[in-house]
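What follows is the content of entry_36.cif (mmCIF, C-alpha atoms; chains and numbers go by the auth columns).
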data_work
loop_
_atom_site.group_PDB
_atom_site.id
_atom_site.type_symbol
_atom_site.label_atom_id
_atom_site.label_comp_id
_atom_site.label_asym_id
_atom_site.label_seq_id
_atom_site.Cartn_x
_atom_site.Cartn_y
_atom_site.Cartn_z
_atom_site.B_iso_or_equiv
_atom_site.auth_seq_id
_atom_site.auth_asym_id
ATOM 1 C CA MET A 1 -128.598 37.187 -32.978 0.00 28 A
ATOM 2 C CA THR A 2 -125.590 37.071 -35.295 0.00 29 A
ATOM 3 C CA SER A 3 -122.638 39.400 -34.784 0.00 30 A
ATOM 4 C CA ASN A 4 -121.239 41.826 -37.341 0.00 31 A
ATOM 5 C CA ALA A 5 -118.334 39.446 -37.911 0.00 32 A
ATOM 6 C CA GLU A 6 -120.719 36.557 -38.608 0.00 33 A
ATOM 7 C CA ASN A 7 -122.854 38.693 -40.905 0.00 34 A
ATOM 8 C CA LYS A 8 -119.748 39.790 -42.797 0.00 35 A
ATOM 9 C CA GLN A 9 -118.709 36.186 -43.323 0.00 36 A
ATOM 10 C CA LEU A 10 -122.121 35.298 -44.766 0.00 37 A
ATOM 11 C CA ILE A 11 -121.974 38.297 -47.109 0.00 38 A
ATOM 12 C CA ARG A 12 -118.364 37.449 -47.985 0.00 39 A
ATOM 13 C CA GLU A 13 -119.316 33.965 -49.192 0.00 40 A
ATOM 14 C CA HIS A 14 -122.134 35.386 -51.311 0.00 41 A
ATOM 15 C CA ALA A 15 -119.833 38.082 -52.718 0.00 42 A
ATOM 16 C CA LYS A 16 -117.248 35.477 -53.720 0.00 43 A
ATOM 17 C CA LYS A 17 -119.878 33.563 -55.672 0.00 44 A
ATOM 18 C CA THR A 18 -121.173 36.742 -57.298 0.00 45 A
ATOM 19 C CA ARG A 19 -117.718 37.816 -58.416 0.00 46 A
ATOM 20 C CA ALA A 20 -116.888 34.339 -59.707 0.00 47 A
ATOM 21 C CA MET A 21 -119.854 34.561 -62.071 0.00 48 A
ATOM 22 C CA LEU A 22 -118.990 37.975 -63.517 0.00 49 A
ATOM 23 C CA PRO A 23 -118.390 37.941 -67.285 0.00 50 A
ATOM 24 C CA LEU A 24 -115.028 39.672 -67.514 0.00 51 A
ATOM 25 C CA ASN A 25 -113.901 41.831 -70.404 0.00 52 A
ATOM 26 C CA GLY A 26 -110.372 41.356 -71.688 0.00 53 A
ATOM 27 C CA ASN A 27 -109.987 45.137 -71.793 0.00 54 A
ATOM 28 C CA ASP A 28 -110.866 45.655 -68.115 0.00 55 A
ATOM 29 C CA GLY A 29 -107.251 46.122 -67.037 0.00 56 A
ATOM 30 C CA ASP A 30 -106.549 48.710 -69.719 0.00 57 A
ATOM 31 C CA ASP A 31 -109.841 50.469 -68.958 0.00 58 A
ATOM 32 C CA LEU A 32 -108.987 50.550 -65.251 0.00 59 A
ATOM 33 C CA SER A 33 -105.615 52.145 -65.972 0.00 60 A
ATOM 34 C CA ARG A 34 -107.152 54.700 -68.321 0.00 61 A
ATOM 35 C CA LYS A 35 -109.795 55.603 -65.728 0.00 62 A
ATOM 36 C CA PHE A 36 -107.193 55.868 -62.965 0.00 63 A
ATOM 37 C CA PHE A 37 -105.134 58.430 -64.859 0.00 64 A
ATOM 38 C CA GLU A 38 -108.259 60.295 -65.939 0.00 65 A
ATOM 39 C CA ILE A 39 -109.138 60.785 -62.250 0.00 66 A
ATOM 40 C CA PHE A 40 -105.766 60.894 -60.506 0.00 67 A
ATOM 41 C CA ASP A 41 -103.222 62.210 -63.016 0.00 68 A
ATOM 42 C CA ARG A 42 -103.237 65.719 -61.548 0.00 69 A
ATOM 43 C CA TRP A 43 -102.618 64.201 -58.115 0.00 70 A
ATOM 44 C CA LEU A 44 -99.414 62.459 -59.161 0.00 71 A
ATOM 45 C CA ASP A 45 -95.904 63.893 -59.107 0.00 72 A
ATOM 46 C CA ALA A 46 -92.339 62.714 -58.605 0.00 73 A
ATOM 47 C CA THR A 47 -92.940 62.168 -54.874 0.00 74 A
ATOM 48 C CA SER A 48 -96.046 59.977 -55.288 0.00 75 A
ATOM 49 C CA VAL A 49 -96.012 56.408 -54.008 0.00 76 A
ATOM 50 C CA VAL A 50 -98.948 54.324 -55.245 0.00 77 A
ATOM 51 C CA ALA A 51 -99.511 50.968 -53.546 0.00 78 A
ATOM 52 C CA VAL A 52 -101.072 48.506 -56.001 0.00 79 A
ATOM 53 C CA TYR A 53 -102.029 44.885 -55.414 0.00 80 A
ATOM 54 C CA TRP A 54 -101.010 42.039 -57.731 0.00 81 A
ATOM 55 C CA PRO A 55 -104.345 40.591 -58.957 0.00 82 A
ATOM 56 C CA LEU A 56 -105.530 37.213 -57.691 0.00 83 A
ATOM 57 C CA ASN A 57 -108.273 35.101 -59.255 0.00 84 A
ATOM 58 C CA LYS A 58 -111.068 37.408 -60.467 0.00 85 A
ATOM 59 C CA GLU A 59 -109.870 40.598 -58.823 0.00 86 A
ATOM 60 C CA CYS A 60 -109.790 43.596 -61.151 0.00 87 A
ATOM 61 C CA ASP A 61 -106.657 43.363 -63.295 0.00 88 A
ATOM 62 C CA THR A 62 -104.125 45.949 -62.121 0.00 89 A
ATOM 63 C CA LEU A 63 -101.163 44.796 -64.237 0.00 90 A
ATOM 64 C CA PRO A 64 -101.672 47.355 -67.038 0.00 91 A
ATOM 65 C CA LEU A 65 -101.930 50.080 -64.405 0.00 92 A
ATOM 66 C CA ILE A 66 -98.686 48.935 -62.780 0.00 93 A
ATOM 67 C CA ASP A 67 -96.933 49.073 -66.160 0.00 94 A
ATOM 68 C CA ASP A 68 -98.360 52.517 -66.918 0.00 95 A
ATOM 69 C CA LEU A 69 -97.367 53.923 -63.515 0.00 96 A
ATOM 70 C CA LEU A 70 -93.820 52.667 -63.940 0.00 97 A
ATOM 71 C CA GLY A 71 -93.797 54.084 -67.468 0.00 98 A
ATOM 72 C CA LYS A 72 -94.589 57.511 -65.983 0.00 99 A
ATOM 73 C CA ASN A 73 -91.807 57.121 -63.375 0.00 100 A
ATOM 74 C CA ILE A 74 -94.299 56.903 -60.510 0.00 101 A
ATOM 75 C CA THR A 75 -93.127 54.771 -57.594 0.00 102 A
ATOM 76 C CA VAL A 76 -95.160 51.569 -57.387 0.00 103 A
ATOM 77 C CA ALA A 77 -95.331 49.787 -54.045 0.00 104 A
ATOM 78 C CA LEU A 78 -96.532 46.215 -53.598 0.00 105 A
ATOM 79 C CA PRO A 79 -97.838 44.861 -50.284 0.00 106 A
ATOM 80 C CA HIS A 80 -95.930 42.186 -48.431 0.00 107 A
ATOM 81 C CA ILE A 81 -97.780 40.130 -45.809 0.00 108 A
ATOM 82 C CA ASN A 82 -95.437 40.359 -42.848 0.00 109 A
ATOM 83 C CA GLY A 83 -97.116 38.065 -40.332 0.00 110 A
ATOM 84 C CA THR A 84 -97.106 40.718 -37.606 0.00 111 A
ATOM 85 C CA ASP A 85 -99.720 42.919 -35.957 0.00 112 A
ATOM 86 C CA THR A 86 -99.273 45.530 -38.701 0.00 113 A
ATOM 87 C CA GLY A 87 -100.491 43.092 -41.368 0.00 114 A
ATOM 88 C CA LEU A 88 -98.653 44.467 -44.400 0.00 115 A
ATOM 89 C CA ASP A 89 -95.535 46.371 -45.340 0.00 116 A
ATOM 90 C CA PHE A 90 -95.166 48.108 -48.695 0.00 117 A
ATOM 91 C CA TYR A 91 -92.047 47.856 -50.865 0.00 118 A
ATOM 92 C CA ALA A 92 -91.095 49.779 -53.984 0.00 119 A
ATOM 93 C CA TRP A 93 -91.234 47.419 -56.956 0.00 120 A
ATOM 94 C CA THR A 94 -89.885 47.402 -60.512 0.00 121 A
ATOM 95 C CA GLN A 95 -89.922 44.616 -63.104 0.00 122 A
ATOM 96 C CA ASP A 96 -86.431 43.434 -62.175 0.00 123 A
ATOM 97 C CA LEU A 97 -87.350 42.646 -58.556 0.00 124 A
ATOM 98 C CA PRO A 98 -88.471 39.114 -57.593 0.00 125 A
ATOM 99 C CA LEU A 99 -91.952 38.160 -56.449 0.00 126 A
ATOM 100 C CA ILE A 100 -93.057 35.050 -54.595 0.00 127 A
ATOM 101 C CA GLU A 101 -96.462 33.552 -53.858 0.00 128 A
ATOM 102 C CA SER A 102 -97.694 34.443 -50.384 0.00 129 A
ATOM 103 C CA ASP A 103 -99.531 32.065 -48.063 0.00 130 A
ATOM 104 C CA PHE A 104 -102.650 33.952 -49.134 0.00 131 A
ATOM 105 C CA GLY A 105 -102.039 32.989 -52.768 0.00 132 A
ATOM 106 C CA ALA A 106 -101.170 36.419 -54.164 0.00 133 A
ATOM 107 C CA MET A 107 -97.766 37.390 -55.511 0.00 134 A
ATOM 108 C CA HIS A 108 -95.830 39.687 -53.211 0.00 135 A
ATOM 109 C CA PRO A 109 -92.238 40.946 -52.873 0.00 136 A
ATOM 110 C CA ASP A 110 -89.656 38.261 -52.143 0.00 137 A
ATOM 111 C CA ILE A 111 -87.857 40.337 -49.532 0.00 138 A
ATOM 112 C CA ALA A 112 -85.790 37.303 -48.471 0.00 139 A
ATOM 113 C CA ALA A 113 -83.966 37.601 -51.796 0.00 140 A
ATOM 114 C CA GLY A 114 -82.195 40.656 -50.385 0.00 141 A
ATOM 115 C CA LYS A 115 -82.886 42.909 -53.378 0.00 142 A
ATOM 116 C CA TYR A 116 -85.454 45.226 -51.800 0.00 143 A
ATOM 117 C CA GLY A 117 -84.821 48.362 -49.797 0.00 144 A
ATOM 118 C CA GLU A 118 -86.661 49.379 -46.658 0.00 145 A
ATOM 119 C CA ALA A 119 -90.464 49.399 -46.498 0.00 146 A
ATOM 120 C CA ILE A 120 -91.982 52.658 -47.718 0.00 147 A
ATOM 121 C CA GLN A 121 -95.137 54.634 -46.954 0.00 148 A
ATOM 122 C CA PRO A 122 -97.586 55.057 -49.849 0.00 149 A
ATOM 123 C CA ASN A 123 -99.742 58.162 -50.139 0.00 150 A
ATOM 124 C CA ILE A 124 -102.307 56.320 -52.299 0.00 151 A
ATOM 125 C CA ILE A 125 -103.364 52.721 -51.641 0.00 152 A
ATOM 126 C CA LEU A 126 -105.404 50.699 -54.125 0.00 153 A
ATOM 127 C CA LEU A 127 -107.294 47.990 -52.272 0.00 154 A
ATOM 128 C CA PRO A 128 -108.842 44.775 -53.615 0.00 155 A
ATOM 129 C CA MET A 129 -112.163 43.684 -52.163 0.00 156 A
ATOM 130 C CA LEU A 130 -115.146 41.431 -52.444 0.00 157 A
ATOM 131 C CA ALA A 131 -117.829 44.105 -52.059 0.00 158 A
ATOM 132 C CA TYR A 132 -118.440 47.733 -51.132 0.00 159 A
ATOM 133 C CA ASP A 133 -121.503 49.727 -50.180 0.00 160 A
ATOM 134 C CA ARG A 134 -122.836 53.152 -51.129 0.00 161 A
ATOM 135 C CA LYS A 135 -121.116 54.883 -48.201 0.00 162 A
ATOM 136 C CA GLY A 136 -117.622 53.518 -48.785 0.00 163 A
ATOM 137 C CA ALA A 137 -117.508 50.500 -46.490 0.00 164 A
ATOM 138 C CA ARG A 138 -115.273 47.766 -47.884 0.00 165 A
ATOM 139 C CA LEU A 139 -115.630 44.016 -47.481 0.00 166 A
ATOM 140 C CA GLY A 140 -112.256 42.296 -47.726 0.00 167 A
ATOM 141 C CA TYR A 141 -111.275 38.686 -47.313 0.00 168 A
ATOM 142 C CA GLY A 142 -111.451 38.651 -43.525 0.00 169 A
ATOM 143 C CA ALA A 143 -107.771 38.618 -42.532 0.00 170 A
ATOM 144 C CA GLY A 144 -107.652 42.362 -41.821 0.00 171 A
ATOM 145 C CA HIS A 145 -104.209 42.842 -43.392 0.00 172 A
ATOM 146 C CA TYR A 146 -105.008 46.176 -45.020 0.00 173 A
ATOM 147 C CA ASP A 147 -106.968 47.512 -42.046 0.00 174 A
ATOM 148 C CA ARG A 148 -104.034 46.902 -39.696 0.00 175 A
ATOM 149 C CA ALA A 149 -101.480 48.266 -42.146 0.00 176 A
ATOM 150 C CA ILE A 150 -103.464 51.465 -42.695 0.00 177 A
ATOM 151 C CA ASP A 151 -103.938 51.887 -38.956 0.00 178 A
ATOM 152 C CA ALA A 152 -100.161 51.522 -38.498 0.00 179 A
ATOM 153 C CA LEU A 153 -99.454 54.091 -41.225 0.00 180 A
ATOM 154 C CA LYS A 154 -101.821 56.568 -39.574 0.00 181 A
ATOM 155 C CA ALA A 155 -100.093 56.013 -36.240 0.00 182 A
ATOM 156 C CA GLU A 156 -96.821 56.969 -37.958 0.00 183 A
ATOM 157 C CA GLY A 157 -98.332 60.179 -39.344 0.00 184 A
ATOM 158 C CA THR A 158 -99.227 59.006 -42.886 0.00 185 A
ATOM 159 C CA ASP A 159 -102.876 59.133 -43.934 0.00 186 A
ATOM 160 C CA PRO A 160 -103.006 57.585 -47.419 0.00 187 A
ATOM 161 C CA LEU A 161 -105.901 58.035 -49.807 0.00 188 A
ATOM 162 C CA LEU A 162 -107.810 54.738 -49.884 0.00 189 A
ATOM 163 C CA VAL A 163 -109.019 53.769 -53.348 0.00 190 A
ATOM 164 C CA GLY A 164 -111.106 50.617 -53.574 0.00 191 A
ATOM 165 C CA ILE A 165 -110.799 48.672 -56.837 0.00 192 A
ATOM 166 C CA ALA A 166 -113.803 46.605 -57.908 0.00 193 A
ATOM 167 C CA TYR A 167 -116.280 45.935 -60.647 0.00 194 A
ATOM 168 C CA MET A 168 -119.518 47.918 -60.531 0.00 195 A
ATOM 169 C CA GLU A 169 -121.398 44.653 -59.947 0.00 196 A
ATOM 170 C CA GLN A 170 -119.635 44.258 -56.595 0.00 197 A
ATOM 171 C CA ILE A 171 -121.592 47.085 -54.981 0.00 198 A
ATOM 172 C CA CYS A 172 -123.799 46.069 -52.065 0.00 199 A
ATOM 173 C CA LEU A 173 -127.077 48.005 -52.088 0.00 200 A
ATOM 174 C CA TYR A 174 -127.539 47.757 -48.323 0.00 201 A
ATOM 175 C CA PRO A 175 -125.053 48.925 -45.654 0.00 202 A
ATOM 176 C CA LEU A 176 -122.286 46.435 -44.968 0.00 203 A
ATOM 177 C CA PRO A 177 -121.831 45.521 -41.299 0.00 204 A
ATOM 178 C CA ALA A 178 -118.892 47.438 -39.872 0.00 205 A
ATOM 179 C CA GLU A 179 -116.481 46.775 -37.036 0.00 206 A
ATOM 180 C CA ASP A 180 -114.278 49.261 -35.209 0.00 207 A
ATOM 181 C CA HIS A 181 -111.128 48.272 -37.099 0.00 208 A
ATOM 182 C CA ASP A 182 -112.651 48.645 -40.595 0.00 209 A
ATOM 183 C CA GLN A 183 -111.071 51.411 -42.656 0.00 210 A
ATOM 184 C CA PRO A 184 -113.589 53.320 -44.830 0.00 211 A
ATOM 185 C CA LEU A 185 -112.728 53.988 -48.462 0.00 212 A
ATOM 186 C CA ASP A 186 -112.277 57.483 -49.852 0.00 213 A
ATOM 187 C CA CYS A 187 -113.480 56.361 -53.276 0.00 214 A
ATOM 188 C CA VAL A 188 -113.987 53.324 -55.513 0.00 215 A
ATOM 189 C CA LEU A 189 -112.579 52.984 -59.007 0.00 216 A
ATOM 190 C CA ASN A 190 -114.147 50.626 -61.539 0.00 217 A
ATOM 191 C CA PRO A 191 -112.814 49.874 -65.043 0.00 218 A
ATOM 192 C CA ASN A 192 -115.477 52.257 -66.373 0.00 219 A
ATOM 193 C CA GLY A 193 -116.655 54.193 -63.340 0.00 220 A
ATOM 194 C CA TYR A 194 -115.737 56.143 -60.233 0.00 221 A
ATOM 195 C CA THR A 195 -117.558 56.848 -56.963 0.00 222 A
ATOM 196 C CA ARG A 196 -116.365 59.435 -54.445 0.00 223 A
ATOM 197 C CA PHE A 197 -117.161 59.006 -50.756 0.00 224 A
ATOM 198 C CA SER A 198 -114.763 61.428 -49.055 0.00 225 A
ATOM 199 C CA PRO A 199 -114.226 65.164 -49.699 0.00 226 A
ATOM 200 C CA ARG A 200 -110.473 64.568 -49.858 0.00 227 A
ATOM 201 C CA ALA A 201 -110.827 62.286 -52.894 0.00 228 A
ATOM 202 C CA PRO A 202 -110.681 63.760 -56.422 0.00 229 A
ATOM 203 C CA MET A 203 -113.949 65.041 -57.794 0.00 230 A
ATOM 204 C CA GLY A 204 -113.797 62.761 -60.825 0.00 231 A
#

Mind turning the file's structure into C-alpha coordinates?
Amino acid sequence: MTSNAENKQLIREHAKKTRAMLPLNGNDGDDLSRKFFEIFDRWLDATSVVAVYWPLNKECDTLPLIDDLLGKNITVALPHINGTDTGLDFYAWTQDLPLIESDFGAMHPDIAAGKYGEAIQPNIILLPMLAYDRKGARLGYGAGHYDRAIDALKAEGTDPLLVGIAYMEQICLYPLPAEDHDQPLDCVLNPNGYTRFSPRAPMG
(Lines of atoms letter the chains of each structure in order from A and count residues from 1; the text may use other names and numbers.)
(Lines give C-alpha, C1' and ligand atoms only; values in the text may rest on other atoms or scores of the structure.)
Protein backbone atom coordinates (compact mmCIF):
# COMPACT_ATOMS: atom_id res chain seq x y z
CA MET A 1 0.00 0.00 0.00
CA THR A 2 1.40 3.40 -0.95
CA SER A 3 1.63 6.20 1.61
CA ASN A 4 0.08 9.65 1.30
CA ALA A 5 3.52 11.05 0.51
CA GLU A 6 4.01 8.53 -2.30
CA ASN A 7 0.53 9.18 -3.67
CA LYS A 8 1.19 12.92 -3.62
CA GLN A 9 4.39 12.46 -5.60
CA LEU A 10 2.57 10.46 -8.28
CA ILE A 11 -0.14 13.13 -8.51
CA ARG A 12 2.53 15.85 -8.51
CA GLU A 13 4.23 14.39 -11.60
CA HIS A 14 0.90 14.15 -13.42
CA ALA A 15 -0.01 17.71 -12.39
CA LYS A 16 3.29 19.04 -13.73
CA LYS A 17 2.60 17.45 -17.11
CA THR A 18 -0.97 18.76 -17.14
CA ARG A 19 0.11 22.31 -16.37
CA ALA A 20 2.90 22.18 -18.96
CA MET A 21 0.31 21.48 -21.64
CA LEU A 22 -2.04 24.33 -20.73
CA PRO A 23 -2.56 26.85 -23.54
CA LEU A 24 -1.80 30.11 -21.75
CA ASN A 25 -3.41 33.44 -22.55
CA GLY A 26 -1.17 36.48 -22.71
CA ASN A 27 -3.76 38.39 -20.69
CA ASP A 28 -3.80 35.92 -17.78
CA GLY A 29 -1.63 38.09 -15.55
CA ASP A 30 -3.77 41.18 -16.09
CA ASP A 31 -6.94 39.13 -15.61
CA LEU A 32 -5.57 37.70 -12.36
CA SER A 33 -4.83 41.18 -11.03
CA ARG A 34 -8.26 42.46 -12.04
CA LYS A 35 -9.94 39.49 -10.34
CA PHE A 36 -7.84 39.91 -7.20
CA PHE A 37 -8.92 43.52 -6.71
CA GLU A 38 -12.52 42.66 -7.57
CA ILE A 39 -12.53 40.17 -4.67
CA PHE A 40 -10.09 41.65 -2.17
CA ASP A 41 -10.09 45.43 -2.67
CA ARG A 42 -12.35 46.05 0.33
CA TRP A 43 -10.00 43.94 2.45
CA LEU A 44 -6.96 46.09 1.71
CA ASP A 45 -5.83 49.17 3.61
CA ALA A 46 -2.61 50.95 4.52
CA THR A 47 -1.67 48.20 6.99
CA SER A 48 -2.07 45.30 4.54
CA VAL A 49 0.91 43.12 3.69
CA VAL A 50 0.33 40.84 0.70
CA ALA A 51 2.88 38.09 0.11
CA VAL A 52 3.14 37.32 -3.62
CA TYR A 53 5.38 34.80 -5.35
CA TRP A 54 7.56 35.64 -8.36
CA PRO A 55 6.26 33.34 -11.14
CA LEU A 56 8.34 30.37 -12.28
CA ASN A 57 7.82 28.41 -15.49
CA LYS A 58 4.06 28.05 -16.12
CA GLU A 59 2.84 29.31 -12.77
CA CYS A 60 0.10 31.93 -13.01
CA ASP A 61 1.70 35.27 -13.84
CA THR A 62 1.64 37.50 -10.76
CA LEU A 63 3.83 40.33 -12.11
CA PRO A 64 0.93 42.60 -13.14
CA LEU A 65 -0.61 42.07 -9.71
CA ILE A 66 2.66 43.01 -8.01
CA ASP A 67 2.82 46.22 -10.06
CA ASP A 68 -0.81 47.05 -9.30
CA LEU A 69 -0.41 46.44 -5.56
CA LEU A 70 2.63 48.70 -5.44
CA GLY A 71 0.74 51.28 -7.48
CA LYS A 72 -1.94 51.31 -4.76
CA ASN A 73 0.72 51.68 -2.02
CA ILE A 74 0.02 48.19 -0.65
CA THR A 75 3.05 46.51 0.91
CA VAL A 76 4.21 43.61 -1.25
CA ALA A 77 6.24 40.87 0.41
CA LEU A 78 8.26 38.27 -1.49
CA PRO A 79 9.26 34.91 0.01
CA HIS A 80 12.89 34.12 0.68
CA ILE A 81 13.90 30.47 1.10
CA ASN A 82 15.91 30.59 4.30
CA GLY A 83 17.18 27.02 4.56
CA THR A 84 15.88 26.60 8.11
CA ASP A 85 13.02 24.72 9.74
CA THR A 86 10.69 27.67 9.08
CA GLY A 87 11.09 27.28 5.31
CA LEU A 88 10.48 30.87 4.21
CA ASP A 89 10.78 34.42 5.44
CA PHE A 90 8.90 37.29 3.81
CA TYR A 91 10.50 40.63 2.95
CA ALA A 92 8.91 43.86 1.79
CA TRP A 93 9.85 44.44 -1.85
CA THR A 94 9.84 47.40 -4.24
CA GLN A 95 11.25 47.66 -7.77
CA ASP A 96 14.53 49.15 -6.55
CA LEU A 97 15.42 46.13 -4.39
CA PRO A 98 17.58 43.32 -5.83
CA LEU A 99 16.40 39.79 -6.52
CA ILE A 100 18.48 36.66 -7.03
CA GLU A 101 17.65 33.19 -8.31
CA SER A 102 17.06 30.73 -5.48
CA ASP A 103 18.25 27.13 -5.47
CA PHE A 104 14.64 26.28 -6.31
CA GLY A 105 14.85 28.35 -9.49
CA ALA A 106 12.51 31.19 -8.53
CA MET A 107 13.58 34.78 -8.01
CA HIS A 108 13.64 35.83 -4.38
CA PRO A 109 15.03 38.74 -2.32
CA ASP A 110 18.81 39.06 -2.34
CA ILE A 111 19.02 39.75 1.38
CA ALA A 112 22.82 39.37 1.28
CA ALA A 113 22.93 42.66 -0.62
CA GLY A 114 22.11 44.41 2.66
CA LYS A 115 19.28 46.53 1.25
CA TYR A 116 16.34 44.78 2.91
CA GLY A 117 14.89 45.41 6.33
CA GLU A 118 13.75 42.76 8.77
CA ALA A 119 11.41 39.96 7.71
CA ILE A 120 7.74 40.91 7.98
CA GLN A 121 4.49 39.05 8.62
CA PRO A 122 1.95 39.10 5.78
CA ASN A 123 -1.78 39.01 6.50
CA ILE A 124 -2.53 37.62 3.02
CA ILE A 125 -0.36 34.99 1.32
CA LEU A 126 -0.73 34.08 -2.35
CA LEU A 127 0.55 30.56 -2.90
CA PRO A 128 1.65 28.87 -6.13
CA MET A 129 0.74 25.22 -6.60
CA LEU A 130 0.49 22.31 -8.94
CA ALA A 131 -3.08 21.29 -8.08
CA TYR A 132 -5.93 21.84 -5.64
CA ASP A 133 -9.09 19.95 -4.81
CA ARG A 134 -12.69 20.95 -4.18
CA LYS A 135 -12.19 21.26 -0.42
CA GLY A 136 -9.14 23.52 -0.49
CA ALA A 137 -6.27 21.06 -0.22
CA ARG A 138 -3.19 22.30 -2.05
CA LEU A 139 -0.52 20.26 -3.81
CA GLY A 140 2.80 22.09 -3.85
CA TYR A 141 6.19 21.06 -5.10
CA GLY A 142 7.03 18.79 -2.18
CA ALA A 143 9.59 20.86 -0.25
CA GLY A 144 7.06 22.10 2.31
CA HIS A 145 8.47 25.65 2.40
CA TYR A 146 5.09 27.38 2.61
CA ASP A 147 3.60 24.86 5.05
CA ARG A 148 6.46 25.39 7.51
CA ALA A 149 6.44 29.16 7.09
CA ILE A 150 2.69 29.38 7.71
CA ASP A 151 3.00 27.12 10.74
CA ALA A 152 5.73 29.42 12.10
CA LEU A 153 3.60 32.52 11.51
CA LYS A 154 0.69 30.93 13.37
CA ALA A 155 2.99 30.07 16.26
CA GLU A 156 3.90 33.77 16.43
CA GLY A 157 0.24 34.81 16.54
CA THR A 158 -0.31 35.66 12.84
CA ASP A 159 -2.94 33.69 10.93
CA PRO A 160 -2.72 34.91 7.32
CA LEU A 161 -5.44 34.36 4.76
CA LEU A 162 -4.20 31.67 2.37
CA VAL A 163 -5.08 32.34 -1.26
CA GLY A 164 -4.09 29.66 -3.75
CA ILE A 165 -3.25 30.90 -7.26
CA ALA A 166 -3.85 28.49 -10.13
CA TYR A 167 -5.56 27.97 -13.43
CA MET A 168 -9.03 26.42 -13.32
CA GLU A 169 -7.63 23.38 -15.16
CA GLN A 170 -5.42 22.60 -12.16
CA ILE A 171 -8.35 21.47 -10.02
CA CYS A 172 -8.26 17.84 -8.94
CA LEU A 173 -11.75 16.31 -8.97
CA TYR A 174 -10.93 13.76 -6.27
CA PRO A 175 -9.60 14.53 -2.76
CA LEU A 176 -5.86 15.09 -2.65
CA PRO A 177 -4.00 12.98 -0.09
CA ALA A 178 -3.25 15.08 2.97
CA GLU A 179 -0.56 14.94 5.63
CA ASP A 180 -0.59 16.53 9.07
CA HIS A 181 1.65 19.43 8.05
CA ASP A 182 -0.43 20.46 5.00
CA GLN A 183 -2.00 23.89 5.32
CA PRO A 184 -5.52 24.11 3.80
CA LEU A 185 -6.36 27.04 1.55
CA ASP A 186 -9.02 29.60 2.42
CA CYS A 187 -9.77 30.19 -1.25
CA VAL A 188 -8.37 29.81 -4.78
CA LEU A 189 -8.09 32.64 -7.28
CA ASN A 190 -7.94 31.95 -11.01
CA PRO A 191 -7.40 34.56 -13.76
CA ASN A 192 -11.16 34.39 -14.40
CA GLY A 193 -12.59 32.65 -11.35
CA TYR A 194 -12.71 32.38 -7.58
CA THR A 195 -13.57 29.54 -5.20
CA ARG A 196 -14.13 30.06 -1.48
CA PHE A 197 -13.41 27.24 0.97
CA SER A 198 -13.30 29.01 4.34
CA PRO A 199 -15.90 31.31 5.95
CA ARG A 200 -13.16 33.84 6.70
CA ALA A 201 -12.42 34.34 2.99
CA PRO A 202 -14.29 37.04 1.01
CA MET A 203 -17.61 36.00 -0.43
CA GLY A 204 -16.56 36.86 -3.97

The PyMOL selection byres ((chain A and resi 171-186) around 6) - which residues does that actually catch in the file I just gave you? List them as a VMD selection string. chain A and resid 113 to 115 169 to 170 187 209 to 210

Can you work out the spacing between atom CA of A:Tyr194 and atom CA of A:Phe117 in Å, to one decimal?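 Going from atom CA of A:Tyr194 over to atom CA of A:Phe117, I get 24.4 Å.
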
Expected selection from the PyMOL selection byres ((chain A and resi 138-153) around 9), given as a ChimeraX atom specification: /A:75-80,102-104,107,116-120,124-127,135-137,154-155,180,185-192,216

Nearest to A:Asp95, chosen from A:Ala32, A:Leu59, A:Cys199, A:Ala42, with all atoms listed in the file counted in the distances: A:Leu59

One-decimal distance in Å that lies between atom CA of A:Asn31 and atom CA of A:Asn109: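 We find that atom CA of A:Asn109 and atom CA of A:Asn31 lie 26.4 Å from each other.
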
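Computed from the coordinates, the atom CA of A:Asp94 to atom CA of A:Gly56 distance equals 10.8 Å.
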
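All residues of protein, DNA or RNA that reach within 12 Å of A:Leu200, judged by only C-alpha atoms and not counting those fewer than 3 positions away in the chain, are Ala158, Tyr159, Asp160, Arg161, Lys162, Gly163, Ala164, Met195, Glu196, Gln197 and Leu203 of chain A.
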
Identify which of the residues A:Ile198, A:Ser225, A:Leu157, A:Asn217 lies closest to A:Arg39, counting all atoms listed in the file when measuring atom-to-atom distances.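 Ranked by minimum distance to A:Arg39, first place goes to A:Leu157.
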
Neighbour list for A:Lys85 as JSON, numbers by chain, cut-off 8 Å, all atoms listed in the file, skip fewer than 2 positions in-chain: {"A": [46, 47, 82, 83, 87, 88]}

Give as a VMD selection string each residue that has an atom at most 10 Å from (-113.3, 63.1, -48.6) in the file, counting all atoms listed in the file. chain A and resid 188 212 to 214 223 to 230

Assuming the chain letters and numbering stay as they are in my file, what does the PyMOL selection byres ((chain A and resi 66-70) around 9) actually select? List them as a PyMOL selection string. chain A and resi 61-65+71-72+75+221+229-231

Please determine, counting all atoms listed in the file, which residue among A:Pro211, A:Met134, A:Asp123, A:Glu86 has the shortest atom-to-atom distance to A:Arg165.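 Going through A:Pro211, A:Met134, A:Asp123, A:Glu86 one by one, the smallest distance to A:Arg165 is for A:Pro211.
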
Nearest candidate to A:Leu96 (options A:Leu51, A:Thr111, A:Asn219, A:Thr121; using all atoms listed in the file): A:Thr121

Taking into account all atoms listed in the file, which residue in the set A:Asn52, A:Ser60, A:Lys99, A:Gly167 is nearest to A:Glu40?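 Answer, going by the shortest atom-to-atom distance: A:Gly167.
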
Find, counting all atoms listed in the file, the residue in A:Leu90, A:Pro106, A:Asp112, A:Glu206 that gets nearest to A:Ser129.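 Among the listed residues, the smallest separation from A:Ser129 belongs to A:Pro106.
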